[in-house]
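Coordinates as given in work.cif (mmCIF, C-alpha atoms):
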data_entry
#
loop_
_atom_site.label_atom_id
_atom_site.label_comp_id
_atom_site.auth_asym_id
_atom_site.auth_seq_id
_atom_site.Cartn_x
_atom_site.Cartn_y
_atom_site.Cartn_z
CA LYS A 1 -1.04 -5.32 -19.64
CA ALA A 2 -0.52 -7.94 -16.95
CA GLY A 3 -0.49 -6.68 -13.39
CA VAL A 4 1.97 -7.30 -10.61
CA THR A 5 2.22 -10.99 -9.86
CA GLN A 6 3.41 -12.58 -6.65
CA THR A 7 4.25 -16.19 -5.98
CA PRO A 8 3.37 -18.16 -4.10
CA ARG A 9 0.04 -16.80 -2.93
CA TYR A 10 0.04 -18.82 0.27
CA LEU A 11 2.85 -20.31 2.27
CA ILE A 12 3.07 -22.20 5.54
CA LYS A 13 6.42 -22.51 7.30
CA THR A 14 7.65 -23.41 10.75
CA ARG A 15 9.75 -21.34 13.10
CA GLY A 16 13.42 -21.27 12.24
CA GLN A 17 12.92 -21.97 8.56
CA GLN A 18 13.62 -19.49 5.82
CA VAL A 19 11.38 -18.39 2.99
CA THR A 20 11.72 -16.68 -0.39
CA LEU A 21 8.90 -14.73 -1.97
CA SER A 22 8.84 -13.62 -5.57
CA CYS A 23 7.41 -10.57 -7.31
CA SER A 24 7.15 -9.87 -11.02
CA PRO A 25 6.43 -6.20 -11.71
CA ILE A 26 4.38 -4.81 -14.53
CA SER A 27 6.32 -5.01 -17.78
CA GLY A 28 8.54 -1.95 -18.10
CA HIS A 29 8.42 -1.06 -14.41
CA ARG A 30 11.81 -0.79 -12.75
CA SER A 31 10.93 0.12 -9.18
CA VAL A 32 9.74 -2.62 -6.85
CA SER A 33 8.76 -2.06 -3.22
CA TRP A 34 7.84 -4.57 -0.54
CA TYR A 35 5.45 -4.09 2.37
CA GLN A 36 4.40 -6.22 5.31
CA GLN A 37 0.77 -6.10 6.40
CA THR A 38 -0.32 -7.41 9.80
CA PRO A 39 -3.46 -6.77 11.87
CA GLY A 40 -1.41 -5.29 14.69
CA GLN A 41 1.11 -3.12 12.82
CA GLY A 42 -0.79 -2.39 9.63
CA LEU A 43 1.18 -1.75 6.46
CA GLN A 44 4.88 -1.28 6.94
CA PHE A 45 7.51 -0.56 4.31
CA LEU A 46 10.27 -3.15 3.99
CA PHE A 47 12.45 -1.97 1.11
CA GLU A 48 12.48 -0.63 -2.43
CA TYR A 49 14.65 -1.66 -5.34
CA PHE A 50 15.38 0.20 -8.51
CA SER A 51 17.67 -1.10 -11.25
CA GLU A 52 18.93 -3.89 -8.99
CA THR A 53 19.91 -1.48 -6.21
CA GLN A 54 18.21 -1.08 -2.87
CA ARG A 55 17.09 2.52 -2.81
CA ASN A 56 15.15 2.68 0.46
CA LYS A 57 14.89 0.49 3.51
CA GLY A 58 12.39 0.27 6.36
CA ASN A 59 12.97 -0.58 10.00
CA PHE A 60 13.12 -4.34 9.87
CA PRO A 61 15.81 -6.68 11.23
CA GLY A 62 18.52 -8.05 8.99
CA ARG A 63 16.62 -11.34 8.70
CA PHE A 64 14.60 -9.58 6.03
CA SER A 65 16.48 -9.12 2.79
CA GLY A 66 15.71 -8.64 -0.84
CA ARG A 67 17.17 -8.38 -4.26
CA GLN A 68 16.21 -7.38 -7.74
CA PHE A 69 17.25 -8.99 -10.98
CA SER A 70 18.13 -7.38 -14.30
CA ASN A 71 14.60 -8.07 -15.59
CA SER A 72 13.23 -6.12 -12.57
CA ARG A 73 11.79 -9.20 -10.92
CA SER A 74 12.36 -9.11 -7.21
CA GLU A 75 12.63 -11.58 -4.38
CA MET A 76 12.51 -11.10 -0.67
CA ASN A 77 13.92 -13.54 1.81
CA VAL A 78 13.18 -14.01 5.47
CA SER A 79 15.58 -16.17 7.41
CA THR A 80 15.06 -17.80 10.80
CA LEU A 81 11.32 -17.28 10.72
CA GLU A 82 9.51 -16.18 13.86
CA LEU A 83 5.81 -16.44 14.67
CA GLY A 84 5.52 -12.67 14.34
CA ASP A 85 6.56 -12.86 10.69
CA SER A 86 3.13 -14.23 9.82
CA ALA A 87 1.70 -11.58 7.55
CA LEU A 88 0.55 -10.62 4.09
CA TYR A 89 3.58 -9.52 2.08
CA LEU A 90 2.74 -7.07 -0.66
CA CYS A 91 4.84 -6.08 -3.60
CA ALA A 92 4.31 -2.89 -5.59
CA SER A 93 5.84 -1.69 -8.82
CA SER A 94 6.21 1.62 -10.58
CA SER A 95 7.89 2.85 -13.69
CA ARG A 96 9.19 6.20 -12.66
CA ALA A 97 12.82 6.63 -11.75
CA GLY A 98 12.03 9.12 -9.02
CA GLY A 99 9.12 9.28 -6.62
CA PRO A 100 5.39 9.67 -7.24
CA SER A 101 4.20 12.26 -9.69
CA ASP A 102 0.96 13.18 -11.35
CA THR A 103 1.79 10.82 -14.17
CA ASP A 104 2.73 7.82 -12.10
CA THR A 105 1.15 5.26 -9.82
CA GLN A 106 2.42 2.50 -7.57
CA TYR A 107 0.64 -0.75 -8.45
CA PHE A 108 0.25 -3.52 -5.90
CA GLY A 109 0.13 -7.26 -6.37
CA PRO A 110 -2.29 -9.62 -4.60
CA GLY A 111 0.24 -10.48 -1.92
CA THR A 112 1.72 -13.63 -0.44
CA ARG A 113 0.16 -14.76 2.80
CA LEU A 114 2.83 -16.29 5.00
CA THR A 115 1.86 -18.32 8.04
CA VAL A 116 4.57 -19.31 10.49
CA LEU A 117 3.72 -22.19 12.83
CA GLY B 1 9.20 12.46 8.55
CA ASN B 2 5.68 12.67 7.23
CA SER B 3 2.80 11.01 9.07
CA VAL B 4 -0.87 10.19 8.57
CA THR B 5 -3.83 9.74 10.89
CA GLN B 6 -6.88 7.95 9.66
CA MET B 7 -10.34 7.55 11.10
CA GLU B 8 -10.84 4.35 13.04
CA GLY B 9 -13.41 1.87 11.83
CA PRO B 10 -15.38 -0.10 11.30
CA VAL B 11 -17.92 2.02 9.52
CA THR B 12 -21.28 0.42 8.80
CA LEU B 13 -23.68 2.14 6.41
CA SER B 14 -26.84 1.30 4.57
CA GLU B 15 -26.77 1.23 0.79
CA GLU B 16 -27.07 4.72 -0.76
CA ALA B 17 -25.84 6.44 2.40
CA PHE B 18 -23.19 9.17 2.31
CA LEU B 19 -19.65 8.17 3.23
CA THR B 20 -16.86 10.19 4.78
CA ILE B 21 -13.59 8.68 5.96
CA ASN B 22 -11.30 11.19 7.60
CA CYS B 23 -7.59 11.41 6.91
CA THR B 24 -5.20 14.06 8.19
CA TYR B 25 -1.49 14.29 7.59
CA THR B 26 1.65 16.08 8.64
CA ALA B 27 4.24 16.64 5.99
CA THR B 28 7.21 18.65 4.94
CA GLY B 29 6.34 20.30 1.68
CA TYR B 30 3.43 19.12 -0.40
CA PRO B 31 3.71 15.42 -1.12
CA SER B 32 1.23 13.51 -3.25
CA LEU B 33 -1.64 11.98 -1.27
CA PHE B 34 -3.33 8.68 -2.02
CA TRP B 35 -6.32 6.57 -1.14
CA TYR B 36 -5.99 2.83 -1.65
CA VAL B 37 -8.70 0.20 -1.29
CA GLN B 38 -8.30 -3.44 -0.29
CA TYR B 39 -11.08 -5.88 -1.04
CA PRO B 40 -11.24 -9.15 0.92
CA GLY B 41 -8.42 -11.50 0.00
CA GLU B 42 -6.79 -9.06 -2.38
CA GLY B 43 -3.90 -6.61 -2.54
CA LEU B 44 -4.19 -2.85 -2.61
CA GLN B 45 -5.71 -0.95 -5.48
CA LEU B 46 -5.16 2.73 -6.02
CA LEU B 47 -8.53 4.43 -5.64
CA LEU B 48 -7.52 8.03 -6.23
CA LYS B 49 -4.70 10.49 -5.72
CA ALA B 50 -3.95 14.19 -5.61
CA THR B 51 -0.57 15.69 -6.29
CA LYS B 52 -0.90 19.29 -5.13
CA ALA B 53 -2.92 21.53 -2.86
CA ASP B 54 -6.59 22.00 -3.84
CA ASP B 55 -6.41 19.09 -6.28
CA LYS B 56 -9.43 16.82 -6.22
CA GLY B 57 -8.89 13.16 -6.93
CA SER B 58 -11.89 11.14 -8.05
CA ASN B 59 -12.69 7.62 -9.18
CA LYS B 60 -15.73 5.31 -9.10
CA GLY B 61 -17.82 8.00 -7.40
CA PHE B 62 -15.25 8.56 -4.65
CA GLU B 63 -13.66 11.96 -4.17
CA ALA B 64 -11.00 13.51 -1.98
CA THR B 65 -9.62 17.05 -1.96
CA TYR B 66 -6.06 17.92 -0.94
CA ARG B 67 -6.62 20.58 1.75
CA LYS B 68 -3.45 22.39 2.69
CA GLU B 69 -5.11 24.65 5.30
CA THR B 70 -6.51 21.74 7.30
CA THR B 71 -3.86 19.17 6.26
CA SER B 72 -6.65 16.80 5.34
CA PHE B 73 -7.55 14.43 2.52
CA HIS B 74 -10.96 13.09 3.50
CA LEU B 75 -12.56 10.42 1.32
CA GLU B 76 -16.21 10.91 0.35
CA LYS B 77 -18.84 9.16 -1.69
CA GLY B 78 -22.38 10.37 -2.13
CA SER B 79 -24.10 6.99 -2.35
CA VAL B 80 -22.34 3.81 -1.29
CA GLN B 81 -23.07 0.35 -2.65
CA VAL B 82 -22.67 -3.07 -1.11
CA SER B 83 -19.75 -3.62 -3.50
CA ASP B 84 -17.87 -0.74 -1.80
CA SER B 85 -17.41 -2.90 1.29
CA ALA B 86 -13.64 -3.02 1.76
CA VAL B 87 -10.79 -1.53 3.77
CA TYR B 88 -9.66 1.96 2.78
CA PHE B 89 -6.14 3.30 3.38
CA CYS B 90 -4.86 6.84 3.22
CA ALA B 91 -1.18 7.09 2.27
CA LEU B 92 1.64 9.47 1.45
CA PRO B 93 5.38 9.24 0.89
CA THR B 94 7.52 9.42 4.02
CA SER B 95 9.44 12.19 2.29
CA SER B 96 9.32 13.93 -1.03
CA GLY B 97 10.24 11.92 -4.09
CA THR B 98 10.19 8.45 -2.63
CA TYR B 99 8.08 5.34 -2.95
CA LYS B 100 8.55 4.64 0.74
CA TYR B 101 4.94 5.19 1.69
CA ILE B 102 3.37 5.52 5.09
CA PHE B 103 -0.16 4.18 5.34
CA GLY B 104 -2.98 4.98 7.72
CA THR B 105 -4.33 2.20 9.89
CA GLY B 106 -7.13 1.48 7.45
CA THR B 107 -10.87 1.97 7.81
CA ARG B 108 -13.10 -1.02 7.26
CA LEU B 109 -16.35 -0.14 5.52
CA LYS B 110 -19.34 -2.45 5.55
CA VAL B 111 -22.35 -1.54 3.44
CA LEU B 112 -25.62 -3.27 4.16
CA ALA B 113 -28.28 -3.87 1.52
#
Whole structure, structure tokens version:
Amino acid sequence: KAGVTQTPRYLIKTRGQQVTLSCSPISGHRSVSWYQQTPGQGLQFLFEYFSETQRNKGNFPGRFSGRQFSNSRSEMNVSTLELGDSALYLCASSSRAGGPSDTDTQYFGPGTRLTVL
Amino acid sequence: GNSVTQMEGPVTLSEEAFLTINCTYTATGYPSLFWYVQYPGEGLQLLLKATKADDKGSNKGFEATYRKETTSFHLEKGSVQVSDSAVYFCALPTSSGTYKYIFGTGTRLKVLA
């Protein structure tokens, strides 16, 4: 079974631009979560989608948005990029409708490394 | 909400040494607890998990026991290898039944041959 895939793997943008990152979950998985990883703040939750609906949201400004398509693929968008948005953006997928259980695991992709100049 | 405190790194060990990485948590109820590992240039991989008190998660020689009395989930391995060099994260849901996880700060492990 193919794992979680994220595209692109690396991205360089300049301040003020916008960017769209893509995540394809494991086949059959309907929950997709996004995290931002930086050396200073560590791993921080951005949002989670399930069946095309945002189910949870972290404490990020409105410049960060996401969506999920009917095939469970998800995109996140960052508008008006700032230098501080440079980070590794990780996507994770899971199959269960609810939260973690002893029969379920959240699987992470390799991430997209975004550099803002 | 729930929170997690993880031992600061880096940790440098010789091959075959014993490893302990401390993780303590505060939580309402008894959420599942997780250890994830991140190898250089990669995403996170689930290392092990425990879903209830006194459960022991294990994988690849690593173990962690869900201790309700001490609110801890320390990661241990009896004999580390150079290939174990990575960053290790303790994690739990911010509240019951959600994939909104909170992660520890990560502990970088370096194993020397």
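Distance check against chain A using all atoms listed in the file: of B:Gly41, B:Gly61, B:Gly1, B:Gly78, the minimum falls on B:Gly41.
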Residues matched by the PyMOL selection byres ((chain A) within 12 of (chain B)) as number ranges by chain
A: 3-6, 9-10, 31-50, 54-59, 88-113
As a ChimeraX atom specification, please: the residues near A:Ser22 (cut-off 6 Å, all atoms listed in the file, same-chain neighbours under 2 positions excluded).
/A:6-7,74-75
Just the residues within 9 Å of B:Thr71, please, counting all atoms listed in the file, with nothing from its chain fewer than 6 positions along; format it as a PyMOL selection string.
chain B and resi 23-27
Pairwise distance for atom CA of A:Ser65 and atom CA of B:Asn2, rounded to one decimal in Å:
24.7 Å
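For the pair atom CA of A:Ser70 and atom CA of A:Gly28, the interatomic distance is 11.7 Å.
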Name the residues that the PyMOL selection byres ((chain A and resi 82) around 9) picks from the file above, as a ChimeraX atom specification, using the file's chain letters and numbers.
/A:14-17,79-81,83-86,116-117
If we draw a sphere of 12 Å around (11.8, -18.4, -5.7), which residues have at least one atom in it when counting all atoms listed in the file? Please report them as a CSV table (one decimal) with C-alpha atoms, keeping the file's coordinate frame.
chain,number,residue,atom,x,y,z
A,6,GLN,CA,3.4,-12.6,-6.6
A,7,THR,CA,4.2,-16.2,-6.0
A,8,PRO,CA,3.4,-18.2,-4.1
A,18,GLN,CA,13.6,-19.5,5.8
A,19,VAL,CA,11.4,-18.4,3.0
A,20,THR,CA,11.7,-16.7,-0.4
A,21,LEU,CA,8.9,-14.7,-2.0
A,22,SER,CA,8.8,-13.6,-5.6
A,23,CYS,CA,7.4,-10.6,-7.3
A,24,SER,CA,7.2,-9.9,-11.0
A,66,GLY,CA,15.7,-8.6,-0.8
A,67,ARG,CA,17.2,-8.4,-4.3
A,73,ARG,CA,11.8,-9.2,-10.9
A,74,SER,CA,12.4,-9.1,-7.2
A,75,GLU,CA,12.6,-11.6,-4.4
A,76,MET,CA,12.5,-11.1,-0.7
A,77,ASN,CA,13.9,-13.5,1.8
Would you write out, as number ranges by chain, every residue that the PyMOL selection byres ((chain B and resi 109) around 10) captures in this file?
B: 9-13, 19, 21, 80, 82, 84-88, 106-108, 110-112
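From atom CA of B:Asn22 back to atom CA of B:Gln81, the distance works out to 19.0 Å.
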Contact residues around B:Phe18 with all atoms listed in the file at 9 Å, ignoring same-chain residues under 2 positions, as a CSV table (one decimal) with C-alpha atoms, in the frame of the given file:
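Saved file around-v3.csv follows:
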chain,number,residue,atom,x,y,z
B,13,LEU,CA,-23.7,2.1,6.4
B,14,SER,CA,-26.8,1.3,4.6
B,15,GLU,CA,-26.8,1.2,0.8
B,16,GLU,CA,-27.1,4.7,-0.8
B,20,THR,CA,-16.9,10.2,4.8
B,76,GLU,CA,-16.2,10.9,0.4
B,77,LYS,CA,-18.8,9.2,-1.7
B,78,GLY,CA,-22.4,10.4,-2.1
B,79,SER,CA,-24.1,7.0,-2.4
B,80,VAL,CA,-22.3,3.8,-1.3
